[in-house]
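Student: So that we are looking at the same thing, I have put the structure below in structure tokens.
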Amino acid sequence: MQTKEYSLEVGGRTLTATFSDLAEQANGSVMVRLGQTVVLATAVMSKNKREEIDYFPLTVEYEEKFYAAGKIGGGRFMKREGRPSDEAVLSGRIIDRTIRPLFDDYIRNEIQVVATVLSIDEDNDPDVCAVIAASLALGTSDIPWNGPVSSVRLGLKTGEEKDFIINPFYADRNQAYFDLLVCGCDGKINMIESEAKQIAEDRLASAFTTASEVIEKIQAWQKEIIQDVGKTKKIIAKPILTEEIVALFQNEIASKLETVVFTSDKGAKSAYDLRDEWLALAEEKFPGQAGKNQLIGIFEEAVNDLLHKKGIEEGKRPDGRAFDEVRNISTQAGGLSKIVHGSGIFYRGQTHVLTVLTLGGPKDSLMIDGMETAEDKFFMHHYNFPPFSVGETGRMGGVNRRSVGHGALAEKSLRGIIPDRDVFPYTIRLVSEVMSSNGSSSMGSVCGSTLALMDGGVPIKAPVAGIAMGLLMDDKGAYKILTDIQGPEDHYGDMDFKVAGTAEGVTGIQLDIKVGGIPTKILIEAMTDAKKARLHILEKIKEAIATPRPEIAPSAPKITKISISPEKIGSVIGPGGKNIQKICADTNTQIEIEDDGTVYITGKIDGVNEAREIVEDIAREYKVGDRFEGEVTRMLDFGAFVKIGRDTEGLIHISELAPFRVDRVTDVVQIGDQVPVVVKEVDEKGRVNLSLKMADPDYATRKGAKPSTNPPLSGNGGPRRDGPRPHYDRPRY
């Protein structure tokens, strides 16, 4: 196997691209390495066109392999990798959103890019490698593409650092203050994914600038590689309609476009109605002379040109709003049902989202055992987009990649304001149901989730709102930034820039574009407008609920957290889990014990309190001087046993019953008596010796006991016993 390698230093580490004939039948392939993380990317284009479709058929697959992490994954009866994990879906979407704008959208040959993680170390994230590998696979192939494009990740462990970490290690990203993945080319940015804990806009602007500088360094390296080993690109001609068909469109359809595109009348003819009219007209006048996708193409291009011309030159939006105007907003916290633990309803124009909150115990967490991570997830946001939300019919059930991506974006945007588990030890699940959609339902989900969290009494650090920003930009660089995009602005506009955050700063960003890239200065300007809109939405949220409710819903489970000595964990669990299973069954609770001795008890309040008492009793460490009120349970001639815990007894020796010598134990106590005691000693076997006289010196006198008149026969205050002290039935603790 012959190979050719190219290397570049990025952020103090070596990025290496290796070309070989390993996947020689693909149009293009490359292995990219960073540390011990290795990603193979392949690019293949079909030989035949799909004439029947009206879209560009690009698919991107991101393949996780357990062997890459030195793991044998799967369940007991299945060891083969199954459906892609959410992380794999999100990584695939990152590649797709980065490379797609650089294709000519009239291409109808199927193109598939596959990024396969062959190896992953403990430090280096494969996402950055995968984007660069996909770019090199396409760039060196014969597939027509307007790349390359590059990627870099920036991070801050806290908000105090001055300089950004370039391609931070996993350890630096864990609980990081700021995490940013940026892709771009030629000094512009074309994809962003970011999560932060209320980072200020000016720091984000600085991060974009830093990222662009690193990207340009990688771009120059890629261009050298493509120049050296790249294949000659195939030429795919753009379909051209006949002059007669173009004239028919201009005469019969073009003049009607403005009326259907620039209207807020819900009952008026839509652009889709006019498109269907055009398809029928063209087939009637020129049957079989043009494909459906060509006819749709001229219509779409005309709408796109009209939208840009009216917006940039005349300052006009389809629904008549100002460029920085947010649609009408309506908010509601709660009111759905007493059964659910919290709910929020958020309206922004025709985008309507219902979010429902469910609280659970630690055992309700999501266990993730993937190639990259193995952890318990205690906060989840899930997003559903049923077909009726856009007035269509369709298949229900299952989750597509879009839903995974939108749900993850909302989750990232909210994660920074979720209370720490030390403060709020619940598992939190939010489900956003998109009931009606016309622009940025993911940001509507963020707003609905904030309402649901506060309605449910979750002590969030601050309310979060989100908004989608758009862009109209012409070939000369003139542009208009749009606040709260909808419908045609989303479909035909050049940018979908989603920004979520609190009044203090940004918590989540996602950027998708339809052009080659966006200058940094436009993104900074858009962030300023987004903050203005975000503050407006936050005020509307506060009108529904200003702060989290003081208590969680009565229907929600109650959780109490206690700490026990790690040495006592075994006693609480019992042999084969016998003890803990019995406690859970008797009190109808769930109990989760962590290695450090933290115990979470979940259930109804009465059961939680009872289970807590049991666990605390089992795990109690008795100390000299502890005071108790206990019941006398057994009598012996040399003392009495007193129950001082649920399953614990201590011995009061006869000499500890009174401050004077007594002849008989029964002179002072009887079975069933409630007596005050003090722990005098805990012996090496954990047995507890008690004293009544130390707790109440006058107790024996009040009971009528008198000092013994018999002379003591032993030094311990009791009758003499020859030989060793007898064994007595005493429980072990």
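The chains in the structure tokens are called A, B, ... from first to last as shown; in each chain the residues are counted from 1, and the ligands are counted from 1 in the order shown.
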Need to verify the contact set: Asp319 in chain A, 12 Å, only C-alpha atoms, exclusion of same-chain residues closer than 6 positions in sequence. Can you return it as a PyMOL selection string?

Tutor: chain A and resi 258-266+307+311+325-327+349+484-489

Student: Would you list the contacts of Ala43 in chain A as a PyMOL selection string, taking every protein, DNA or RNA residue within 6 Å and counting only C-alpha atoms, but skipping same-chain residues closer than 5 positions in sequence?

Tutor: chain A and resi 27-28+112-113+137-138

Student: Please write the residues from the selection above to a file, keeping C-alpha atoms, as a compact mmCIF listing (two decimals), in the first residue's frame.

Tutor:
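New file selection.txt:
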```txt
# COMPACT_ATOMS: atom_id res chain seq x y z
CA ASN A 27 -14.19 8.97 -5.93
CA GLY A 28 -12.10 10.39 -3.10
CA GLN A 112 -22.61 10.29 -0.40
CA VAL A 113 -19.95 11.28 2.11
CA ALA A 137 -12.11 13.62 0.29
CA LEU A 138 -14.35 15.87 -1.81
```

Student: Name the residues of range 334-515 of chain A that fall into alpha helix (DSSP H) according to DSSP on the backbone, using the chain letters and numbers of this document, as an NGL selection string.

Tutor: :A and (401-415 or 441-455 or 487-492)

Student: Grab the residues selected above and save them as a PDB file, in the first residue's frame with C-alpha atoms.

Tutor:
```pdb
ATOM      1  CA  ARG A 401     -32.209  13.606  12.123  1.00  0.00           C
ATOM      2  CA  ARG A 402     -33.786  17.027  12.068  1.00  0.00           C
ATOM      3  CA  SER A 403     -35.695  16.328  15.286  1.00  0.00           C
ATOM      4  CA  VAL A 404     -32.551  15.018  16.956  1.00  0.00           C
ATOM      5  CA  GLY A 405     -30.660  18.144  15.905  1.00  0.00           C
ATOM      6  CA  HIS A 406     -33.342  20.617  16.976  1.00  0.00           C
ATOM      7  CA  GLY A 407     -33.823  18.854  20.296  1.00  0.00           C
ATOM      8  CA  ALA A 408     -30.081  18.884  20.950  1.00  0.00           C
ATOM      9  CA  LEU A 409     -29.818  22.591  20.143  1.00  0.00           C
ATOM     10  CA  ALA A 410     -32.531  23.445  22.668  1.00  0.00           C
ATOM     11  CA  GLU A 411     -30.902  21.135  25.219  1.00  0.00           C
ATOM     12  CA  LYS A 412     -27.524  22.827  24.803  1.00  0.00           C
ATOM     13  CA  SER A 413     -29.131  26.244  25.086  1.00  0.00           C
ATOM     14  CA  LEU A 414     -30.750  25.301  28.402  1.00  0.00           C
ATOM     15  CA  ARG A 415     -28.034  23.152  29.975  1.00  0.00           C
ATOM     16  CA  SER A 441     -39.558  25.931  16.233  1.00  0.00           C
ATOM     17  CA  SER A 442     -36.268  25.015  17.958  1.00  0.00           C
ATOM     18  CA  MET A 443     -36.004  28.487  19.467  1.00  0.00           C
ATOM     19  CA  GLY A 444     -39.699  28.308  20.321  1.00  0.00           C
ATOM     20  CA  SER A 445     -38.861  25.077  22.149  1.00  0.00           C
ATOM     21  CA  VAL A 446     -36.229  26.910  24.195  1.00  0.00           C
ATOM     22  CA  CYS A 447     -38.825  29.482  25.253  1.00  0.00           C
ATOM     23  CA  GLY A 448     -41.500  26.872  25.988  1.00  0.00           C
ATOM     24  CA  SER A 449     -38.961  24.903  28.027  1.00  0.00           C
ATOM     25  CA  THR A 450     -38.099  27.920  30.158  1.00  0.00           C
ATOM     26  CA  LEU A 451     -41.796  28.365  30.949  1.00  0.00           C
ATOM     27  CA  ALA A 452     -42.191  24.673  31.806  1.00  0.00           C
ATOM     28  CA  LEU A 453     -39.111  24.615  34.031  1.00  0.00           C
ATOM     29  CA  MET A 454     -40.253  27.617  36.040  1.00  0.00           C
ATOM     30  CA  ASP A 455     -43.820  26.294  36.237  1.00  0.00           C
ATOM     31  CA  GLY A 487     -41.693  30.893   5.878  1.00  0.00           C
ATOM     32  CA  PRO A 488     -40.107  32.215   2.660  1.00  0.00           C
ATOM     33  CA  GLU A 489     -37.325  34.047   4.553  1.00  0.00           C
ATOM     34  CA  ASP A 490     -36.243  30.723   6.024  1.00  0.00           C
ATOM     35  CA  HIS A 491     -36.533  28.859   2.718  1.00  0.00           C
ATOM     36  CA  TYR A 492     -35.062  31.441   0.349  1.00  0.00           C
TER      37      TYR A 492
END
```

Student: Based on DSSP run over this structure's backbone, return all residues of range 393-641 of chain A in strand (DSSP E), as a PyMOL selection string.

Tutor: chain A and resi 427-436+465-473+479-483+495-501+506-513+518-519+558-563+589-593+598-603+627-636+639-641

Student: Of the candidates A:Ile671, A:Leu692, A:Ala41, A:Leu482, which one gets nearest to Ala322 in chain A if we count only C-alpha atoms?

Tutor: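 Selected residue with least distance to Ala322 in chain A: A:Leu482.
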
Student: Find the residues around Met367 in chain A up to 7 Å (only C-alpha atoms counted), leave out those fewer than 4 positions away in its own chain, and share them as an NGL selection string.

Tutor: :A and (375-377)

Student: Write a file of the just-selected residues containing N, CA and C atoms, as an mmCIF file, in the first residue's frame.

Tutor:
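Writing the result to part_39.cif gives the following:
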```
data_model
loop_
_atom_site.group_PDB
_atom_site.id
_atom_site.type_symbol
_atom_site.label_atom_id
_atom_site.label_comp_id
_atom_site.auth_asym_id
_atom_site.auth_seq_id
_atom_site.Cartn_x
_atom_site.Cartn_y
_atom_site.Cartn_z
ATOM 1 N N GLU A 375 -21.717 7.712 30.431
ATOM 2 C CA GLU A 375 -22.154 8.553 31.537
ATOM 3 C C GLU A 375 -23.646 8.387 31.770
ATOM 4 N N ASP A 376 -24.092 8.898 32.903
ATOM 5 C CA ASP A 376 -25.517 9.005 33.195
ATOM 6 C C ASP A 376 -25.944 10.437 32.918
ATOM 7 N N LYS A 377 -26.986 10.584 32.137
ATOM 8 C CA LYS A 377 -27.453 11.905 31.731
ATOM 9 C C LYS A 377 -28.686 12.275 32.545
#
```

Student: Applying 10 Å and only C-alpha atoms, which residues near range 576-581 of chain A remain after dropping the ones on its own chain fewer than 4 positions away? List them as a list in words.

Tutor: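 Using only C-alpha atoms, the neighbours found are Gly570, Ser571, Val572, Ala585, Asp586, Thr589, Gln590, Ile591, Glu592, Ile593, Ala611, Ile614, Val615 and Ile618 of chain A.
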
Student: Calculated over only C-alpha atoms, which of the candidates A:Glu631, A:Asp324, A:Asp637, A:Glu277 has the smallest distance to Ile481 in chain A?

Tutor: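 Answer, going by the shortest atom-to-atom distance: A:Asp324.
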
Student: A:Cys584, A:Arg33, A:Leu511, A:Asp369: which is nearest Leu181 in chain A, counting only C-alpha atoms?

Tutor: A:Leu511

Student: Contacts of Ala333 in chain A at 12 Å or less, counting only C-alpha atoms, minus same-chain residues fewer than 4 places along, as a PyMOL selection string?

Tutor: chain A and resi 337+341-347+354-357+447-457+540-549
